[in-house]
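Asker: Structure provided below as structure tokens; questions to follow.
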Amino acid sequence: MSIAVSGRRVATSRFWSHSIGSIAGCLILSLVVVLPGRERLRASRARTGDEPEVQGRCCQAPKYLDRVLAGQTMWPLPELNNSGWSKTPPIGFSYWNGFGDDPGPSDVLTRQIADALVYTGLRDAGYVYFLAFDGGWWSAAVDPPRDSAGRPGIDKERWPNGIQAVSDYIHQRGLKVGGYTDIGALGYCIPPEIGVGGHEQQDADQFARWGWDYIKVDDHGPGNFYSLAKAIVNNSPHRPMVLSFSTPATFPYEFAPRIANMWRVGDDISPGLAERQTGKARVGAGDWRDILREFDEGGKFWWAQAPGRWNDLDMLVVGLFGVSEEEAKSHFSMWAVRGAPLLIGADIRSPHERTSGPIPRATDEDLAILKNREVIAVDQDSLGASGRVVSRNQNGMAEVDAKPLGSFASGEYAVLLLNRGGNPEDITVTWRELGLVAASANVRDLWKHADLGQIRTQFTAHRVPPHGVELLRVKGVVDWSLGREYEAESSYNQLEGSAHVRCLRSPEGLATGAAVVEGIGGAPDSALQFNELWEGESGVYRLAIRYTTPQPRQARITVDGQSPFLVQFPATGAARFATVHVQIHLQTGRNTLTIDNPTALAPDIDKIVISAGTSGKSYGNF
């Protein structure tokens, strides 16, 4: 595929593949961010290399997760049955970006925001999750912070009518209620927030009794995300509560998709580095470079996302200081294409001209952006896929991203044409890049709300403004003659027993998604199953399995529940990859493929590639 930018075209790999190509390994650097009134220490460690190889169903969690999985004795974490609690990304309102912990949430302000979500039309546009009890709602300064039975003490100045009355008020307006806590004894805020450390089940039950529908959990710790997640899933009132991990300091991709509904992919969107260094940064401000950083981080780890499991790119900065109307429209489009949660932070009570503070207020133009139902529909698409990079130009400023809609075989995509830079750009997407037949496709502009008709071969957006976008809905015909790649670590797959995702660091970053699935086999119920293999017609196909193993291993392959066959995998050596090729028979439509070995470990799997043709060793009766 290629992209045309100001007359230049740069070839890149085809979009239809379920890999993102070569990206950096999962090394997360320590980061300290200091902002007035909201100091945060964000530090995490790369894999040390001394974690034990999985030999059965139970072993110690990797050491670099000690702070947030303290005392965890079972690894990989058992998957919790809560993905159905958030079938589409949550969208709503949170105080934090606009209000911080000063003034923070309170009874009067919360009721005003709840009313505003209704009279502005935001609730009817889908914004139903209201984090009425975000950071600052429950402070260690409350005396005592817990009573003799360990129950939370309530700040009578902030909540003179109690918590239940406020939750009821919100529910009566057709909204859902959310709140904040931490896995440790204390969380962030000034004065410090009380956390659940040592009271996981007690607090989970209390949140449920208050009627909460959403729990935001910070990672200051030490504490145990799994213990809290299990308590929330098994709360005594049996109330579904969407579970959100605030994990920018805790690389989440190896554990969060098994137990949470959403997890932060990076640090807070905040004013630029220069403002931080001069001490001029403030709550309620956004920054274009930070928007791009979060967008890119979510794009690297697109494979972690599936319905009920969401990459969280941080709360929206639409309406915040430092964000232009053009950037706000782009930001909203970018989050929608990634399928990210959408949480408003600006003051929505009285939309008017932008002010200098202290709290950023959404304008009528901001509300128009936030209520674009066609863009919201992209974010809320039932397939739940994350959009991925299709192509970039040579200087990386002009980019095409695409998100499949409906199903992986629908031939329909949301296509983002993004100008990251400071000069107008011409940006082109071709239908072949999307895995479609090149003849023609139907195109709709989601910001102009206009059908552009059937367009042949490709679409070019001319002179996209700096920091601007065009967002299209493209419907074509899938070209089934093209090969399709499927990442092993994708959350659409099913991992059983000891099978789990391991992110790779240099020099292991040769894996196409910077991750593999390891721990396959060694027990009858330890397996990797690919669940979304689609074909246009029944027939024999070539299956390529990319893997790594320090010594020769073997694995069973089972297609659509038919008789399994055994495949030999020669040793690759440490941190090296190889590919074996076999033939398989696939049916028209959706297929599944399982890799396991009931008696010994199978190799670690990077991805599979399915293509037309019958080259490769023949197995089975076809």
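Residue names in the structure tokens use chain letters A, B, ... in the order shown, residue numbers from 1 in each chain, and ligand numbers from 1 in the order shown.
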Using the chain letters and numbers from this document, which residues of stretch 56-249 of chain A does DSSP assign to strand (DSSP E), as a PyMOL selection string?

Answerer: chain A and resi 91-94+129-133+176-182+186-187+193-194+214-218+242-246

Asker: Using N, CA and C atoms, can you write the selected residues to a file as a PDB file, in the first residue's frame?

Answerer:
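Output file result.pdb follows:
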```pdb
ATOM      1  N   ILE A  91     -18.809   5.787  27.700  1.00  0.00           N
ATOM      2  CA  ILE A  91     -18.698   7.207  27.395  1.00  0.00           C
ATOM      3  C   ILE A  91     -19.543   7.981  28.404  1.00  0.00           C
ATOM      4  N   GLY A  92     -19.028   9.142  28.815  1.00  0.00           N
ATOM      5  CA  GLY A  92     -19.725   9.917  29.826  1.00  0.00           C
ATOM      6  C   GLY A  92     -18.932  11.126  30.260  1.00  0.00           C
ATOM      7  N   PHE A  93     -18.868  11.346  31.580  1.00  0.00           N
ATOM      8  CA  PHE A  93     -18.252  12.557  32.134  1.00  0.00           C
ATOM      9  C   PHE A  93     -17.431  12.192  33.368  1.00  0.00           C
ATOM     10  N   SER A  94     -16.256  12.839  33.511  1.00  0.00           N
ATOM     11  CA  SER A  94     -15.431  12.730  34.711  1.00  0.00           C
ATOM     12  C   SER A  94     -14.899  14.108  35.076  1.00  0.00           C
ATOM     13  N   TYR A 129     -22.236   7.422  31.457  1.00  0.00           N
ATOM     14  CA  TYR A 129     -21.403   7.121  32.620  1.00  0.00           C
ATOM     15  C   TYR A 129     -20.914   8.423  33.249  1.00  0.00           C
ATOM     16  N   PHE A 130     -21.244   8.647  34.506  1.00  0.00           N
ATOM     17  CA  PHE A 130     -20.883   9.866  35.219  1.00  0.00           C
ATOM     18  C   PHE A 130     -20.025   9.481  36.422  1.00  0.00           C
ATOM     19  N   LEU A 131     -18.715   9.782  36.342  1.00  0.00           N
ATOM     20  CA  LEU A 131     -17.826   9.523  37.470  1.00  0.00           C
ATOM     21  C   LEU A 131     -18.019  10.623  38.503  1.00  0.00           C
ATOM     22  N   ALA A 132     -19.152  10.547  39.172  1.00  0.00           N
ATOM     23  CA  ALA A 132     -19.531  11.570  40.139  1.00  0.00           C
ATOM     24  C   ALA A 132     -18.608  11.578  41.349  1.00  0.00           C
ATOM     25  N   PHE A 133     -17.927  10.453  41.608  1.00  0.00           N
ATOM     26  CA  PHE A 133     -17.064  10.332  42.771  1.00  0.00           C
ATOM     27  C   PHE A 133     -15.626  10.068  42.326  1.00  0.00           C
ATOM     28  N   LYS A 176     -25.516   6.528  34.668  1.00  0.00           N
ATOM     29  CA  LYS A 176     -24.841   5.520  35.475  1.00  0.00           C
ATOM     30  C   LYS A 176     -23.792   6.210  36.348  1.00  0.00           C
ATOM     31  N   VAL A 177     -23.524   5.644  37.514  1.00  0.00           N
ATOM     32  CA  VAL A 177     -22.677   6.283  38.519  1.00  0.00           C
ATOM     33  C   VAL A 177     -21.313   5.598  38.573  1.00  0.00           C
ATOM     34  N   GLY A 178     -20.260   6.410  38.660  1.00  0.00           N
ATOM     35  CA  GLY A 178     -18.917   5.875  38.788  1.00  0.00           C
ATOM     36  C   GLY A 178     -18.162   6.528  39.921  1.00  0.00           C
ATOM     37  N   GLY A 179     -17.101   5.850  40.399  1.00  0.00           N
ATOM     38  CA  GLY A 179     -16.278   6.386  41.466  1.00  0.00           C
ATOM     39  C   GLY A 179     -14.850   5.896  41.385  1.00  0.00           C
ATOM     40  N   TYR A 180     -13.979   6.518  42.169  1.00  0.00           N
ATOM     41  CA  TYR A 180     -12.533   6.312  42.145  1.00  0.00           C
ATOM     42  C   TYR A 180     -12.060   5.629  43.420  1.00  0.00           C
ATOM     43  N   THR A 181     -11.020   4.794  43.295  1.00  0.00           N
ATOM     44  CA  THR A 181     -10.293   4.272  44.446  1.00  0.00           C
ATOM     45  C   THR A 181      -8.893   3.897  43.993  1.00  0.00           C
ATOM     46  N   ASP A 182      -8.128   3.280  44.883  1.00  0.00           N
ATOM     47  CA  ASP A 182      -6.759   2.849  44.583  1.00  0.00           C
ATOM     48  C   ASP A 182      -6.565   1.456  45.148  1.00  0.00           C
ATOM     49  N   LEU A 186      -3.688   4.100  50.293  1.00  0.00           N
ATOM     50  CA  LEU A 186      -3.873   5.497  49.921  1.00  0.00           C
ATOM     51  C   LEU A 186      -3.694   5.651  48.422  1.00  0.00           C
ATOM     52  N   GLY A 187      -4.512   6.499  47.810  1.00  0.00           N
ATOM     53  CA  GLY A 187      -4.376   6.821  46.409  1.00  0.00           C
ATOM     54  C   GLY A 187      -3.932   8.261  46.229  1.00  0.00           C
ATOM     55  N   GLU A 193      -6.218  10.381  48.776  1.00  0.00           N
ATOM     56  CA  GLU A 193      -7.453   9.613  48.678  1.00  0.00           C
ATOM     57  C   GLU A 193      -7.309   8.305  49.462  1.00  0.00           C
ATOM     58  N   ILE A 194      -8.395   7.840  50.041  1.00  0.00           N
ATOM     59  CA  ILE A 194      -8.391   6.523  50.680  1.00  0.00           C
ATOM     60  C   ILE A 194      -8.478   5.452  49.600  1.00  0.00           C
ATOM     61  N   TYR A 214     -19.571   1.765  37.841  1.00  0.00           N
ATOM     62  CA  TYR A 214     -18.255   1.952  37.218  1.00  0.00           C
ATOM     63  C   TYR A 214     -17.267   2.224  38.340  1.00  0.00           C
ATOM     64  N   ILE A 215     -16.135   1.507  38.346  1.00  0.00           N
ATOM     65  CA  ILE A 215     -15.103   1.707  39.354  1.00  0.00           C
ATOM     66  C   ILE A 215     -13.785   2.026  38.647  1.00  0.00           C
ATOM     67  N   LYS A 216     -13.218   3.177  38.970  1.00  0.00           N
ATOM     68  CA  LYS A 216     -11.913   3.586  38.436  1.00  0.00           C
ATOM     69  C   LYS A 216     -10.872   3.314  39.519  1.00  0.00           C
ATOM     70  N   VAL A 217      -9.860   2.485  39.189  1.00  0.00           N
ATOM     71  CA  VAL A 217      -8.894   2.030  40.181  1.00  0.00           C
ATOM     72  C   VAL A 217      -7.499   2.519  39.818  1.00  0.00           C
ATOM     73  N   ASP A 218      -6.902   3.313  40.684  1.00  0.00           N
ATOM     74  CA  ASP A 218      -5.556   3.826  40.453  1.00  0.00           C
ATOM     75  C   ASP A 218      -4.525   2.801  40.909  1.00  0.00           C
ATOM     76  N   VAL A 242     -18.507  -1.758  35.788  1.00  0.00           N
ATOM     77  CA  VAL A 242     -17.422  -1.652  34.816  1.00  0.00           C
ATOM     78  C   VAL A 242     -16.136  -1.330  35.567  1.00  0.00           C
ATOM     79  N   LEU A 243     -15.068  -2.072  35.253  1.00  0.00           N
ATOM     80  CA  LEU A 243     -13.818  -1.953  35.996  1.00  0.00           C
ATOM     81  C   LEU A 243     -12.758  -1.290  35.123  1.00  0.00           C
ATOM     82  N   SER A 244     -12.308  -0.114  35.565  1.00  0.00           N
ATOM     83  CA  SER A 244     -11.325   0.686  34.831  1.00  0.00           C
ATOM     84  C   SER A 244     -10.040   0.767  35.639  1.00  0.00           C
ATOM     85  N   PHE A 245      -8.912   0.354  35.032  1.00  0.00           N
ATOM     86  CA  PHE A 245      -7.614   0.454  35.690  1.00  0.00           C
ATOM     87  C   PHE A 245      -6.890   1.694  35.195  1.00  0.00           C
ATOM     88  N   SER A 246      -6.467   2.544  36.126  1.00  0.00           N
ATOM     89  CA  SER A 246      -5.630   3.688  35.771  1.00  0.00           C
ATOM     90  C   SER A 246      -4.184   3.234  35.907  1.00  0.00           C
TER      91      SER A 246
END
```

Asker: Near A:Gly521, counting only C-alpha atoms, which residues have an atom at most 6 Å away, once you skip same-chain residues fewer than 6 positions from it, shown as a PDB file with N, CA, C and O atoms, in the first residue's frame?

Answerer:
```pdb
ATOM      1  N   ASP A 596      -2.448 -26.579  20.718  1.00  0.00           N
ATOM      2  CA  ASP A 596      -2.239 -27.085  22.072  1.00  0.00           C
ATOM      3  C   ASP A 596      -1.289 -28.271  22.034  1.00  0.00           C
ATOM      4  O   ASP A 596      -0.788 -28.669  20.972  1.00  0.00           O
ATOM      5  N   ASN A 597      -1.016 -28.827  23.186  1.00  0.00           N
ATOM      6  CA  ASN A 597      -0.250 -30.058  23.343  1.00  0.00           C
ATOM      7  C   ASN A 597      -0.533 -30.560  24.746  1.00  0.00           C
ATOM      8  O   ASN A 597      -0.105 -29.948  25.724  1.00  0.00           O
ATOM      9  N   PRO A 598      -1.286 -31.657  24.900  1.00  0.00           N
ATOM     10  CA  PRO A 598      -1.715 -32.093  26.245  1.00  0.00           C
ATOM     11  C   PRO A 598      -0.597 -32.661  27.097  1.00  0.00           C
ATOM     12  O   PRO A 598      -0.781 -32.815  28.311  1.00  0.00           O
ATOM     13  N   ALA A 600       3.148 -31.851  26.613  1.00  0.00           N
ATOM     14  CA  ALA A 600       4.409 -31.099  26.702  1.00  0.00           C
ATOM     15  C   ALA A 600       4.186 -29.687  26.201  1.00  0.00           C
ATOM     16  O   ALA A 600       3.200 -29.404  25.512  1.00  0.00           O
ATOM     17  N   LEU A 601       5.111 -28.794  26.557  1.00  0.00           N
ATOM     18  CA  LEU A 601       4.984 -27.405  26.109  1.00  0.00           C
ATOM     19  C   LEU A 601       5.082 -27.304  24.600  1.00  0.00           C
ATOM     20  O   LEU A 601       5.933 -27.939  23.960  1.00  0.00           O
ATOM     21  N   ALA A 602       4.225 -26.477  24.009  1.00  0.00           N
ATOM     22  CA  ALA A 602       4.293 -26.120  22.602  1.00  0.00           C
ATOM     23  C   ALA A 602       5.184 -24.886  22.458  1.00  0.00           C
ATOM     24  O   ALA A 602       5.556 -24.254  23.450  1.00  0.00           O
TER      25      ALA A 602
END
```

Asker: List the spatial neighbours of A:Thr548 as a PyMOL selection string - criterion: any atom at most 7 Å away, only C-alpha atoms, same-chain residues fewer than 3 positions off excluded.

Answerer: chain A and resi 572+576-578+603-605

Asker: Where does stretch 296-386 of chain A meet stretch 115-121 of chain A within 10 Å, residue by residue, with the nearest atom pair and distance in Å to one decimal for each, counting only C-alpha atoms, listed by chain and rising number, as CSV?

Answerer:
```
residue,atom,partner,partner_atom,distance
A:Asp347,CA,A:Ala116,CA,9.3
A:Ile348,CA,A:Ala116,CA,6.4
A:Arg349,CA,A:Ala116,CA,5.3
A:Ser350,CA,A:Ala116,CA,8.2
A:Pro351,CA,A:Thr120,CA,8.9
A:Asp364,CA,A:Thr120,CA,9.6
A:Leu367,CA,A:Thr120,CA,8.0
A:Lys371,CA,A:Gly121,CA,7.9
```

Asker: May I have the residues from that selection written out with C-alpha atoms, as a PDB file, in the first residue's frame?

Answerer:
```pdb
ATOM      1  CA  ASP A 347     -17.460  22.201  32.464  1.00  0.00           C
ATOM      2  CA  ILE A 348     -20.671  21.562  30.489  1.00  0.00           C
ATOM      3  CA  ARG A 349     -23.076  23.498  32.725  1.00  0.00           C
ATOM      4  CA  SER A 350     -23.199  26.789  30.787  1.00  0.00           C
ATOM      5  CA  PRO A 351     -21.593  26.518  27.344  1.00  0.00           C
ATOM      6  CA  ASP A 364     -21.369  25.283  21.778  1.00  0.00           C
ATOM      7  CA  LEU A 367     -20.694  20.299  22.263  1.00  0.00           C
ATOM      8  CA  LYS A 371     -22.482  15.062  19.913  1.00  0.00           C
TER       9      LYS A 371
END
```

Asker: Rank A:Gln494, A:Pro404, A:Thr430, A:Trp534 by their smallest atom-to-atom distance to A:Arg473, using only C-alpha atoms, and report the top residue only.

Answerer: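 Looking at the shortest contact to A:Arg473, the residue is A:Pro404.
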